[in-house]
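> Just so it is clear, I am handing over query_25.txt, which has compact mmCIF, C-alpha atoms.
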# COMPACT_ATOMS: atom_id res chain seq x y z
CA MET N 1463 11.67 0.35 -24.17
CA ALA N 1464 9.11 -1.81 -22.43
CA ALA N 1465 10.17 -4.65 -20.14
CA ILE N 1466 10.35 -7.95 -22.07
CA ASP N 1467 8.88 -11.28 -20.91
CA MET N 1468 11.54 -13.97 -21.24
CA ASN N 1469 12.02 -17.68 -20.68
CA LYS N 1470 15.25 -19.34 -19.60
CA GLU N 1471 16.71 -19.62 -23.09
CA GLN N 1472 15.88 -16.03 -24.07
CA LEU N 1473 17.37 -14.80 -20.83
CA ARG N 1474 20.58 -16.77 -21.45
CA LYS N 1475 20.92 -15.06 -24.86
CA ALA N 1476 20.19 -11.63 -23.41
CA MET N 1477 22.97 -12.14 -20.88
CA GLU N 1478 25.47 -12.67 -23.69
CA GLY N 1479 24.91 -9.07 -24.81
CA ASP N 1480 26.98 -6.04 -23.71
CA LYS N 1481 24.35 -4.45 -21.52
CA PRO N 1482 23.59 -5.45 -17.94
CA VAL N 1483 20.29 -7.34 -17.59
CA LEU N 1484 17.71 -6.45 -14.94
CA VAL N 1485 15.23 -9.23 -14.14
CA ASP N 1486 11.93 -8.87 -12.29
CA PHE N 1487 10.93 -12.30 -10.98
CA TRP N 1488 7.16 -12.21 -10.53
CA ALA N 1489 3.93 -14.22 -10.69
CA PRO N 1490 0.41 -13.28 -11.74
CA TRP N 1491 -1.09 -14.20 -8.36
CA CYS N 1492 1.33 -11.97 -6.42
CA GLY N 1493 -0.25 -8.66 -5.36
CA TYR N 1494 3.07 -7.01 -4.53
CA CYS N 1495 4.33 -7.95 -8.01
CA ARG N 1496 1.38 -6.35 -9.78
CA ARG N 1497 1.88 -3.22 -7.72
CA LEU N 1498 5.48 -3.01 -8.89
CA GLY N 1499 4.50 -3.30 -12.58
CA PRO N 1500 3.79 0.30 -13.64
CA ALA N 1501 6.92 1.73 -12.00
CA TYR N 1502 9.03 -1.15 -13.39
CA GLU N 1503 7.87 -0.22 -16.90
CA LYS N 1504 8.96 3.35 -16.18
CA ILE N 1505 12.36 2.04 -15.08
CA ALA N 1506 12.63 -0.02 -18.29
CA GLU N 1507 11.98 3.14 -20.29
CA GLU N 1508 14.30 5.47 -18.35
CA TYR N 1509 17.25 3.04 -18.17
CA GLY N 1510 16.69 1.68 -21.69
CA ASP N 1511 20.12 2.79 -22.95
CA ARG N 1512 22.00 1.34 -19.98
CA LEU N 1513 20.35 -2.05 -19.41
CA VAL N 1514 17.86 -4.61 -20.70
CA ALA N 1515 14.78 -4.87 -18.48
CA VAL N 1516 13.26 -8.34 -18.35
CA LYS N 1517 10.34 -10.02 -16.60
CA VAL N 1518 10.35 -13.71 -15.67
CA ASN N 1519 7.10 -15.37 -14.61
CA ILE N 1520 8.22 -17.88 -11.97
CA ASP N 1521 5.14 -20.07 -12.48
CA GLU N 1522 6.30 -20.70 -16.05
CA GLU N 1523 10.02 -20.75 -15.22
CA GLU N 1524 10.14 -22.61 -11.90
CA GLN N 1525 13.52 -24.16 -12.55
CA LEU N 1526 15.08 -20.82 -13.46
CA ALA N 1527 13.69 -19.16 -10.32
CA ARG N 1528 15.08 -22.01 -8.21
CA SER N 1529 18.51 -21.93 -9.83
CA GLU N 1530 18.68 -18.15 -9.26
CA GLY N 1531 17.75 -18.61 -5.61
CA VAL N 1532 14.53 -16.61 -5.81
CA GLU N 1533 12.49 -17.46 -2.70
CA LEU N 1534 10.30 -14.41 -2.33
CA ILE N 1535 8.70 -12.32 -5.04
CA PRO N 1536 8.89 -9.72 -6.37
CA THR N 1537 12.69 -9.96 -6.54
CA LEU N 1538 14.79 -7.79 -8.86
CA ILE N 1539 18.25 -9.07 -9.79
CA LEU N 1540 20.83 -7.14 -11.83
CA TYR N 1541 23.21 -9.28 -13.92
CA LYS N 1542 26.47 -8.10 -15.46
CA GLY N 1543 28.23 -10.43 -17.86
CA GLY N 1544 25.81 -13.17 -16.85
CA LYS N 1545 26.62 -12.83 -13.14
CA ALA N 1546 24.20 -11.60 -10.49
CA VAL N 1547 25.73 -8.47 -8.92
CA ASP N 1548 22.92 -7.38 -6.62
CA SER N 1549 19.27 -7.98 -5.80
CA VAL N 1550 16.38 -6.37 -3.98
CA VAL N 1551 13.15 -7.92 -2.68
CA ASN N 1552 9.87 -6.01 -2.99
CA PRO N 1553 11.16 -2.43 -3.33
CA GLY N 1554 8.53 -0.05 -1.92
CA SER N 1555 8.80 2.75 -4.46
CA LYS N 1556 10.21 3.70 -7.83
CA ALA N 1557 12.74 5.76 -5.86
CA ALA N 1558 13.87 2.57 -4.10
CA MET N 1559 14.39 0.88 -7.49
CA ASP N 1560 16.37 3.90 -8.70
CA GLN N 1561 18.61 3.75 -5.64
CA PHE N 1562 19.16 0.02 -6.06
CA LEU N 1563 20.04 0.42 -9.75
CA GLN N 1564 22.32 3.41 -9.33
CA ALA N 1565 24.38 1.50 -6.76
CA ALA N 1566 24.28 -1.82 -8.63
CA LEU N 1567 25.17 -0.34 -12.05
CA ASP N 1568 28.19 1.46 -10.60
CA SER N 1569 29.47 -1.51 -8.63
CA MET M 630 16.25 29.24 -17.61
CA GLY M 631 12.57 28.86 -18.45
CA GLU M 632 9.78 29.90 -16.19
CA LEU M 633 8.73 27.56 -13.43
CA HIS M 634 5.89 25.24 -14.26
CA VAL M 635 3.33 25.82 -11.52
CA TYR M 636 0.52 23.26 -11.41
CA ASP M 637 -2.92 24.37 -10.30
CA MET M 638 -3.08 21.25 -8.15
CA ILE M 639 -0.65 18.58 -7.03
CA VAL M 640 -2.13 15.49 -5.43
CA VAL M 641 0.22 13.53 -3.19
CA GLY M 642 -0.75 9.85 -3.27
CA GLY M 643 -2.50 7.82 -5.98
CA GLY M 644 -5.12 5.94 -3.96
CA PRO M 645 -8.88 6.33 -4.48
CA GLY M 646 -9.02 9.73 -2.72
CA GLY M 647 -6.07 11.06 -4.71
CA TYR M 648 -7.23 9.97 -8.15
CA THR M 649 -10.79 11.15 -7.51
CA ALA M 650 -9.40 14.59 -6.66
CA ALA M 651 -7.35 14.41 -9.87
CA LEU M 652 -10.44 13.40 -11.88
CA TYR M 653 -12.53 16.29 -10.55
CA ALA M 654 -9.66 18.75 -10.90
CA ALA M 655 -8.87 17.75 -14.48
CA ARG M 656 -12.54 17.94 -15.42
CA ALA M 657 -12.66 21.41 -13.87
CA GLY M 658 -9.84 22.42 -16.22
CA LEU M 659 -7.14 22.52 -13.55
CA ASP M 660 -3.57 21.66 -14.54
CA THR M 661 -3.19 18.61 -12.28
CA LEU M 662 -0.35 16.26 -11.32
CA VAL M 663 -0.48 13.16 -9.11
CA LEU M 664 2.70 12.15 -7.31
CA GLU M 665 2.69 8.41 -6.61
CA LYS M 666 5.65 6.47 -5.24
CA LEU M 667 4.78 3.08 -6.72
CA SER M 668 1.39 2.37 -8.30
CA ALA M 669 -2.21 3.52 -8.28
CA GLY M 670 -4.60 2.21 -5.64
CA GLY M 671 -2.80 2.81 -2.37
CA GLN M 672 -3.81 0.34 0.34
CA MET M 673 -6.54 -1.20 -1.80
CA ALA M 674 -3.98 -2.28 -4.42
CA LEU M 675 -3.29 -5.28 -2.17
CA THR M 676 -6.96 -6.11 -1.55
CA GLU M 677 -7.94 -9.11 -3.62
CA GLU M 678 -11.62 -8.35 -3.78
CA ILE M 679 -13.60 -5.23 -2.97
CA ASP M 680 -17.29 -5.96 -2.52
CA ASN M 681 -18.43 -2.78 -0.83
CA TYR M 682 -17.67 -0.24 -3.55
CA PRO M 683 -21.02 0.37 -5.24
CA GLY M 684 -21.33 -0.28 -8.95
CA TYR M 685 -19.18 -3.42 -9.05
CA GLU M 686 -21.88 -5.93 -8.20
CA ALA M 687 -19.60 -8.93 -8.72
CA GLY M 688 -16.73 -7.35 -6.80
CA ILE M 689 -13.45 -6.02 -8.22
CA ASP M 690 -9.85 -6.43 -7.15
CA GLY M 691 -8.30 -3.33 -5.63
CA PHE M 692 -5.36 -3.09 -8.01
CA THR M 693 -7.65 -3.05 -11.05
CA LEU M 694 -9.97 -0.50 -9.43
CA GLY M 695 -6.95 1.72 -8.73
CA GLU M 696 -5.79 1.50 -12.34
CA LYS M 697 -9.28 2.32 -13.57
CA MET M 698 -9.39 5.43 -11.37
CA GLN M 699 -5.97 6.48 -12.66
CA ARG M 700 -6.95 6.02 -16.31
CA GLN M 701 -10.22 7.88 -15.76
CA ALA M 702 -8.39 10.90 -14.30
CA GLU M 703 -5.75 10.75 -17.05
CA ARG M 704 -8.45 10.62 -19.73
CA PHE M 705 -9.33 14.18 -18.73
CA GLY M 706 -5.73 15.35 -18.70
CA ALA M 707 -4.42 14.63 -15.19
CA LYS M 708 -0.77 13.54 -15.18
CA THR M 709 1.11 11.08 -12.97
CA ALA M 710 4.75 11.14 -11.87
CA TYR M 711 6.18 8.09 -10.09
CA ALA M 712 7.96 10.14 -7.49
CA GLN M 713 8.56 9.86 -3.78
CA VAL M 714 8.02 13.19 -2.00
CA GLU M 715 10.96 14.00 0.23
CA ARG M 716 10.16 17.52 1.48
CA MET M 717 7.26 19.92 1.21
CA ASP M 718 6.92 23.61 1.88
CA LEU M 719 3.18 24.12 2.07
CA THR M 720 3.35 27.73 3.28
CA ALA M 721 5.38 29.01 0.32
CA SER M 722 3.76 30.58 -2.72
CA PRO M 723 3.71 28.59 -4.93
CA LYS M 724 3.91 25.52 -2.72
CA VAL M 725 7.07 23.47 -3.16
CA LEU M 726 7.33 19.68 -3.36
CA GLU M 727 10.82 18.18 -3.52
CA THR M 728 10.77 14.61 -4.80
CA SER M 729 13.02 11.75 -5.90
CA GLU M 730 12.40 12.83 -9.53
CA SER M 731 12.51 16.64 -9.40
CA ILE M 732 11.06 19.69 -7.67
CA PHE M 733 7.41 20.47 -8.39
CA TYR M 734 5.41 23.63 -7.72
CA ALA M 735 1.68 24.03 -7.18
CA ARG M 736 -0.95 26.57 -6.18
CA THR M 737 -2.93 23.96 -4.24
CA VAL M 738 -1.94 20.64 -2.69
CA VAL M 739 -4.19 17.69 -1.89
CA LEU M 740 -2.65 15.28 0.60
CA ALA M 741 -3.88 11.76 -0.05
CA THR M 742 -1.00 9.91 1.53
CA GLY M 743 -3.18 7.38 3.35
CA ALA M 744 -2.43 5.19 6.30
CA ASP M 745 -0.94 1.75 6.69
CA PRO M 746 -2.00 -0.92 9.11
CA ARG M 747 0.57 -1.34 11.85
CA LYS M 748 2.39 -4.62 11.52
CA LEU M 749 3.51 -7.04 14.20
CA GLY M 750 6.96 -7.26 12.62
CA LEU M 751 6.95 -11.06 12.43
CA ALA M 752 9.13 -13.01 10.01
CA GLU M 753 7.24 -13.54 6.71
CA GLU M 754 4.36 -11.35 7.80
CA GLU M 755 4.47 -9.49 4.46
CA ALA M 756 4.92 -12.57 2.34
CA LEU M 757 1.89 -14.22 3.99
CA THR M 758 -0.35 -11.17 3.58
CA GLY M 759 -3.36 -12.39 1.60
CA ARG M 760 -2.38 -15.98 2.41
CA GLY M 761 -3.77 -16.10 5.92
CA VAL M 762 -2.45 -12.81 7.26
CA ALA M 763 -5.03 -10.01 7.00
CA TYR M 764 -5.47 -6.50 8.38
CA CYS M 765 -9.14 -5.78 7.69
CA ALA M 766 -11.98 -8.01 8.91
CA ALA M 767 -14.61 -6.06 6.98
CA CYS M 768 -12.59 -6.61 3.77
CA ASP M 769 -11.26 -10.15 4.08
CA GLY M 770 -13.52 -11.76 6.71
CA MET M 771 -15.78 -13.54 4.23
CA ARG M 772 -12.92 -15.77 3.16
CA TYR M 773 -12.93 -17.40 6.59
CA LYS M 774 -16.52 -18.61 6.65
CA GLY M 775 -16.73 -21.61 8.96
CA LYS M 776 -13.02 -21.46 9.79
CA THR M 777 -10.90 -20.64 12.83
CA VAL M 778 -9.26 -17.23 12.99
CA VAL M 779 -7.02 -15.41 15.42
CA VAL M 780 -7.43 -11.69 16.05
CA VAL M 781 -4.42 -9.90 17.51
CA GLY M 782 -4.98 -6.72 19.53
CA GLY M 783 -7.05 -5.33 22.37
CA GLY M 784 -8.29 -1.94 21.21
CA ASN M 785 -11.50 -0.86 19.52
CA SER M 786 -10.49 -2.08 16.08
CA ALA M 787 -9.54 -5.52 17.41
CA ALA M 788 -12.85 -5.76 19.32
CA ALA M 789 -14.84 -4.67 16.25
CA ASP M 790 -12.93 -7.10 14.04
CA ALA M 791 -13.51 -9.98 16.48
CA LEU M 792 -17.26 -9.24 16.46
CA ILE M 793 -17.45 -9.09 12.66
CA LEU M 794 -15.52 -12.35 12.40
CA SER M 795 -17.61 -14.09 15.09
CA ARG M 796 -20.59 -13.85 12.73
CA ILE M 797 -18.64 -15.43 9.87
CA ALA M 798 -16.02 -17.79 11.29
CA GLU M 799 -16.57 -20.97 13.28
CA LYS M 800 -14.29 -19.81 16.06
CA VAL M 801 -12.46 -16.57 16.89
CA ILE M 802 -9.51 -16.45 19.26
CA LEU M 803 -8.62 -12.98 20.51
CA VAL M 804 -4.97 -12.68 21.51
CA HIS M 805 -4.05 -9.71 23.68
CA ARG M 806 -0.87 -8.91 25.53
CA ARG M 807 -2.68 -7.54 28.61
CA ASP M 808 -5.26 -9.16 30.90
CA THR M 809 -8.11 -6.82 29.93
CA LEU M 810 -9.24 -5.14 26.73
CA ARG M 811 -8.35 -1.53 26.03
CA ALA M 812 -11.50 -1.32 23.86
CA THR M 813 -14.34 0.85 25.16
CA LYS M 814 -17.01 -0.77 27.37
CA VAL M 815 -19.64 -0.98 24.62
CA TYR M 816 -17.71 -3.87 23.08
CA HIS M 817 -17.26 -6.00 26.20
CA ALA M 818 -20.72 -7.55 26.60
CA PRO M 819 -21.19 -8.41 22.89
CA LEU M 820 -17.76 -10.08 22.84
CA MET M 821 -18.58 -12.20 25.89
CA GLN M 822 -22.03 -13.07 24.54
CA ALA M 823 -20.93 -14.00 21.03
CA GLY M 824 -20.43 -17.60 22.18
CA ASN M 825 -17.63 -18.44 19.74
CA ILE M 826 -14.95 -15.98 20.88
CA GLU M 827 -12.15 -17.29 23.09
CA PHE M 828 -9.62 -15.07 24.81
CA ARG M 829 -5.90 -15.63 25.24
CA TRP M 830 -4.87 -12.97 27.71
CA ASN M 831 -1.29 -11.92 28.49
CA SER M 832 -0.18 -13.39 25.20
CA THR M 833 1.75 -12.23 22.18
CA VAL M 834 2.22 -13.84 18.77
CA THR M 835 5.89 -14.73 18.31
CA ALA M 836 5.71 -16.61 15.00
CA LEU M 837 3.47 -17.43 12.07
CA LEU M 838 3.25 -21.15 11.29
CA HIS M 839 2.71 -21.85 7.63
CA GLY M 840 3.13 -23.91 4.51
CA ASP M 841 1.81 -22.10 1.45
CA LYS M 842 -0.68 -20.45 3.78
CA VAL M 843 -0.95 -19.73 7.46
CA THR M 844 -1.65 -22.87 9.50
CA GLY M 845 -1.28 -21.44 12.98
CA VAL M 846 0.55 -19.14 15.34
CA ARG M 847 3.05 -19.54 18.14
CA LEU M 848 1.99 -17.72 21.30
CA LYS M 849 4.04 -16.62 24.26
CA ASP M 850 2.54 -16.10 27.69
CA VAL M 851 4.15 -12.82 28.76
CA THR M 852 3.80 -13.61 32.49
CA THR M 853 5.37 -17.09 32.44
CA GLY M 854 7.33 -16.97 29.19
CA ALA M 855 5.79 -20.30 28.15
CA GLU M 856 5.26 -20.83 24.42
CA THR M 857 2.36 -22.70 22.86
CA GLU M 858 1.16 -23.35 19.32
CA LEU M 859 -2.35 -22.74 18.12
CA SER M 860 -3.74 -23.86 14.78
CA CYS M 861 -5.89 -21.48 12.76
CA ASP M 862 -6.72 -20.61 9.15
CA GLY M 863 -6.23 -16.88 9.40
CA VAL M 864 -4.63 -14.18 11.53
CA PHE M 865 -6.21 -10.73 11.62
CA ILE M 866 -3.75 -8.16 12.88
CA SER M 867 -5.72 -5.28 14.45
CA VAL M 868 -3.12 -3.25 16.26
CA GLY M 869 -4.01 0.10 14.73
CA ARG M 870 -3.00 2.18 11.75
CA LYS M 871 -0.23 4.62 11.10
CA PRO M 872 -1.03 7.67 8.95
CA ALA M 873 1.66 8.77 6.48
CA THR M 874 2.09 12.29 7.85
CA GLU M 875 5.80 12.48 8.75
CA LEU M 876 6.48 15.00 5.98
CA VAL M 877 3.82 17.48 7.11
CA ARG M 878 4.51 17.30 10.84
CA GLY M 879 5.21 20.85 12.03
CA GLN M 880 3.35 22.41 9.08
CA LEU M 881 -0.12 20.97 9.52
CA GLU M 882 -2.19 20.36 12.63
CA LEU M 883 -2.32 16.65 13.44
CA ASP M 884 -4.38 14.81 16.01
CA ARG M 885 -2.81 12.65 18.73
CA SER M 886 -2.60 9.63 16.45
CA GLY M 887 -0.94 11.64 13.69
CA TYR M 888 -3.92 12.13 11.36
CA ILE M 889 -4.28 15.51 9.60
CA MET M 890 -6.91 17.64 11.32
CA ALA M 891 -9.54 18.40 8.68
CA ASP M 892 -13.32 18.22 8.75
CA GLU M 893 -15.70 17.24 5.98
CA THR M 894 -14.55 20.21 3.90
CA THR M 895 -11.07 18.55 3.80
CA LYS M 896 -9.52 21.97 4.55
CA THR M 897 -6.40 21.88 6.72
CA ASN M 898 -5.06 24.76 8.79
CA LEU M 899 -3.13 26.03 5.73
CA PRO M 900 -4.93 27.80 2.87
CA GLY M 901 -4.90 25.83 -0.38
CA VAL M 902 -3.94 22.57 1.36
CA TYR M 903 -6.49 19.76 1.66
CA ALA M 904 -6.44 16.29 3.25
CA VAL M 905 -8.47 13.46 1.74
CA GLY M 906 -9.06 9.80 2.50
CA ASP M 907 -7.52 7.78 5.31
CA VAL M 908 -4.98 10.44 6.26
CA ARG M 909 -7.73 12.81 7.45
CA THR M 910 -9.46 12.71 10.85
CA LYS M 911 -12.73 10.89 10.11
CA PRO M 912 -15.04 8.22 11.56
CA LEU M 913 -14.95 5.67 8.72
CA ARG M 914 -12.00 4.85 6.48
CA GLN M 915 -13.26 3.15 3.31
CA VAL M 916 -12.84 3.55 -0.46
CA VAL M 917 -16.25 5.23 -0.71
CA THR M 918 -15.45 7.83 1.93
CA ALA M 919 -12.04 8.52 0.36
CA VAL M 920 -13.50 9.22 -3.09
CA ALA M 921 -16.09 11.56 -1.57
CA ASP M 922 -13.27 13.54 0.06
CA GLY M 923 -11.48 13.82 -3.28
CA ALA M 924 -14.46 15.51 -4.90
CA THR M 925 -14.97 17.86 -1.95
CA ALA M 926 -11.32 18.94 -1.90
CA VAL M 927 -11.48 20.05 -5.54
CA HIS M 928 -14.64 22.03 -4.86
CA MET M 929 -12.84 23.83 -2.02
CA ALA M 930 -9.68 24.32 -4.11
CA GLU M 931 -11.67 25.90 -6.94
CA GLU M 932 -13.10 28.44 -4.48
CA TYR M 933 -9.59 29.13 -3.18
CA LEU M 934 -8.12 29.54 -6.67
CA ALA M 935 -10.96 31.88 -7.63
CA GLY M 936 -9.84 34.18 -4.83
CA GLY M 937 -12.21 33.05 -2.09
CA VAL M 938 -11.10 30.95 0.85
Reformat the file's structure so that it appears as C-alpha cells.

Amino acid sequence: MAAIDMNKEQLRKAMEGDKPVLVDFWAPWCGYCRRLGPAYEKIAEEYGDRLVAVKVNIDEEEQLARSEGVELIPTLILYKGGKAVDSVVNPGSKAAMDQFLQAALDS
Amino acid sequence: MGELHVYDMIVVGGGPGGYTAALYAARAGLDTLVLEKLSAGGQMALTEEIDNYPGYEAGIDGFTLGEKMQRQAERFGAKTAYAQVERMDLTASPKVLETSESIFYARTVVLATGADPRKLGLAEEEALTGRGVAYCAACDGMRYKGKTVVVVGGGNSAAADALILSRIAEKVILVHRRDTLRATKVYHAPLMQAGNIEFRWNSTVTALLHGDKVTGVRLKDVTTGAETELSCDGVFISVGRKPATELVRGQLELDRSGYIMADETTKTNLPGVYAVGDVRTKPLRQVVTAVADGATAVHMAEEYLAGGV
C-alpha cells in the first residue's frame, strides 16, 4: 500500500487502529525529504501488513509537527497505541529505515 | 532450489553515471539491475538547480533529473532494487554482491558509487545545506551574486572555488587553518590579484551562525585560541571529496585519494568490472562526464560479454 498523506485529524483516527503508525514528517522544499520518498514508498509497500505508513507535510500541519517535537526534517516516528516509541532523523538508506523499523516494531 | 538468477550487468549506484550505464545496457538487451541505497540522482539529488547539463535550457533540479534518468532506463527494461551493498566479490564467476535485501549475481559490474564532499562536522551543517552551506562553487555560486561568502579550505579546490566566487560575489573570505595555501602556485597570483578576496589565516570555523539561513560563522584563531564572528551570506566548504570505495578496497586498484584507477575506457584492473562517474580517477567530475562514462562502460562490457576483453 502506498504511503497516505494525512492531516492531524486523520492521523488521530489512524492511531486508534490496531496497527502501529509510521509517520514521515516532510516538506516540499526539503531536498533530503524528496530523496527519502521513493524508498519510503517501498517501505510502505513491504510493511503494509504490519503498519500504516503516513506522510505529514509540516508546512500544512505546523501545529502537529510542533506538538510532536519535530525540529528537523525528514523525521520518521513510529507510534504504537498512539504513543511515539522511536524516531529517526534523515535515514541515509532504505536499509537504515529497515533497521530502525525492525528494532522499533519489536520494542 | 531454483537456478541462480545471474544478471548480465549490475550497476552499483543510481546517480547519472549509473543510470546512463543502465539505459545503454538495457537498450543493448542486457539483463540489468541497479542497486541504489536511497533514491536516484546521487549527489545531484540535493542540487537545487543544474544549469550546466545541456538540453535543459531553463535549468532543472537534480532530484528530478535523477528520476528522469531512472525512468528512462526502466522504460527499456532496467530494474532497480533499493539495496545497500554490504560485500562484493568481484573476482568470482559470476560476481557476487551481498546486500541489505538479498544476494545478487552478475557477469559484469559497473561501480557508480560516487563521492561525497568532505564535511566540516559542524552542528547543523547538514540541515543548513542549501540554506547557506554549499559544497560546489560552480553549482551554487550564482546564488551569491553581490553577496559575501566564506570559502573554507586551502587546497586546489578551495582556491578554484574562491576564484569562481570572486567573479560573482561582492566579497570572498578564504578561511584556512594554516598560514599558507596548500594549493599549487598557479592559483596564488590570481587570488591575490582578484581584489575582493580576503584571507583569514590560521583559522578554523567552529560554528555556523544562522536563523532560517546562514548569517555568519564563528572563527577560531588556532595560534591564539581567540574566537571571532564574521557575517556572511554563504559558506562554501571546499575541503575535498571522499570517494565511496571502502567495499572494493583490496580488490581494485585505487589511487592515493581512494578513487578507482580507471582510464577513459572505465576498465578497472579486474575483467568485467568498470568504474564510472565521480568514483573514477578523472580530471573533471560533472554530470556530463559521468553520463559519458556510463555509455563507455556498457560498450566495454558488451565486448567482454561477447568473449573479447
> Select residues of chain N: the criterion is any atom within 12 Å of an atom of chain M, counting all atoms listed in the file; output as a PyMOL selection string.
chain N and resi 1491-1505+1508+1533-1536+1551-1561
> In terms of the shortest atom-to-atom distance over all atoms listed in the file, which of M:Leu913, M:Glu827, M:Tyr903, M:Ala687 is closest to Thr925 of chain M?
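Comparing M:Leu913, M:Glu827, M:Tyr903, M:Ala687 against Thr925 of chain M, the winner is M:Tyr903.
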> List the spatial neighbours of Arg878 of chain M as number ranges by chain - criterion: any atom at most 12 Å away, only C-alpha atoms, same-chain residues fewer than 2 positions off excluded.
M: 716-719, 872-876, 880-890
> Mind checking which residues fall within 10 Å of Val725 of chain M, counting only C-alpha atoms, ignoring those fewer than 4 positions away in the same chain, and posting them as a list of chain:residue names?
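Once the adjacent positions are removed, what remains is M:Val635, M:Ile639, M:Arg716, M:Met717, M:Asp718, M:Leu719, M:Thr720, M:Ala721, M:Ile732, M:Phe733, M:Tyr734, M:Ala735, M:Arg736, M:Val738.
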> Pick out the residues sitting within 10 Å of Asp1548 of chain N, and hand them over as a count of residues only; count all atoms listed in the file, and ignore anything fewer than 4 positions along from it in its own chain.
12
> For each of N:Val1514, N:Ser1529, N:Asn1519, N:Tyr1509, take the minimum atom-to-atom distance to Glu1478 of chain N, counting all atoms listed in the file, then give the residue where this is smallest.
N:Val1514
> Set the distance at 8 Å and use all atoms listed in the file: which residues neighbour Asp1467 of chain N once local chain neighbours fewer than 4 positions away are removed? I'd like the list as a VMD selection string.
chain N and resid 1516 to 1519
> For the atom pair atom CA of Leu803 of chain M and atom CA of Ala752 of chain M, what is the interatomic distance in Å to one decimal place?
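About the pair atom CA of Leu803 of chain M and atom CA of Ala752 of chain M: they are 20.6 Å apart.
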> Around all the atoms of segment 669-677 of chain M listed in the file, draw an axis-aligned box and extend it by 4 Å on each of the six sides; I want its centre and edge lengths in Å to one decimal, as lines of an AutoDock Vina configuration file.

center_x = -5.1
center_y = -2.8
center_z = -4.0
size_x = 13.7
size_y = 20.6
size_z = 16.6
> Nearest to Glu1522 of chain N: which of N:Lys1475, N:Asp1568, N:Ala1489, N:Asp1480 is it, counting all atoms listed in the file?
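For Glu1522 of chain N, the nearest of the candidates is N:Ala1489.
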> So which residues touch Glu1524 of chain N within 12 Å, counting all atoms listed in the file, skipping near sequence neighbours fewer than 6 positions away, as a PDB file with C-alpha atoms, in the frame of the given file?

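Below you can see result-v3.pdb, which holds the result:
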ATOM      1  CA  ASN N1469      12.020 -17.680 -20.680  1.00  0.00           C
ATOM      2  CA  LYS N1470      15.250 -19.340 -19.600  1.00  0.00           C
ATOM      3  CA  PHE N1487      10.930 -12.300 -10.980  1.00  0.00           C
ATOM      4  CA  TRP N1488       7.160 -12.210 -10.530  1.00  0.00           C
ATOM      5  CA  ALA N1489       3.930 -14.220 -10.690  1.00  0.00           C
ATOM      6  CA  VAL N1518      10.350 -13.710 -15.670  1.00  0.00           C
ATOM      7  CA  GLU N1530      18.680 -18.150  -9.260  1.00  0.00           C
ATOM      8  CA  GLY N1531      17.750 -18.610  -5.610  1.00  0.00           C
ATOM      9  CA  VAL N1532      14.530 -16.610  -5.810  1.00  0.00           C
ATOM     10  CA  GLU N1533      12.490 -17.460  -2.700  1.00  0.00           C
TER      11      GLU N1533
END
> Just checking: using all atoms listed in the file, which residue out of M:Gly642, M:Glu799, M:Val864, M:Asp769 ends up closest to Asp690 of chain M?
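Answer, going by the shortest atom-to-atom distance: M:Asp769.
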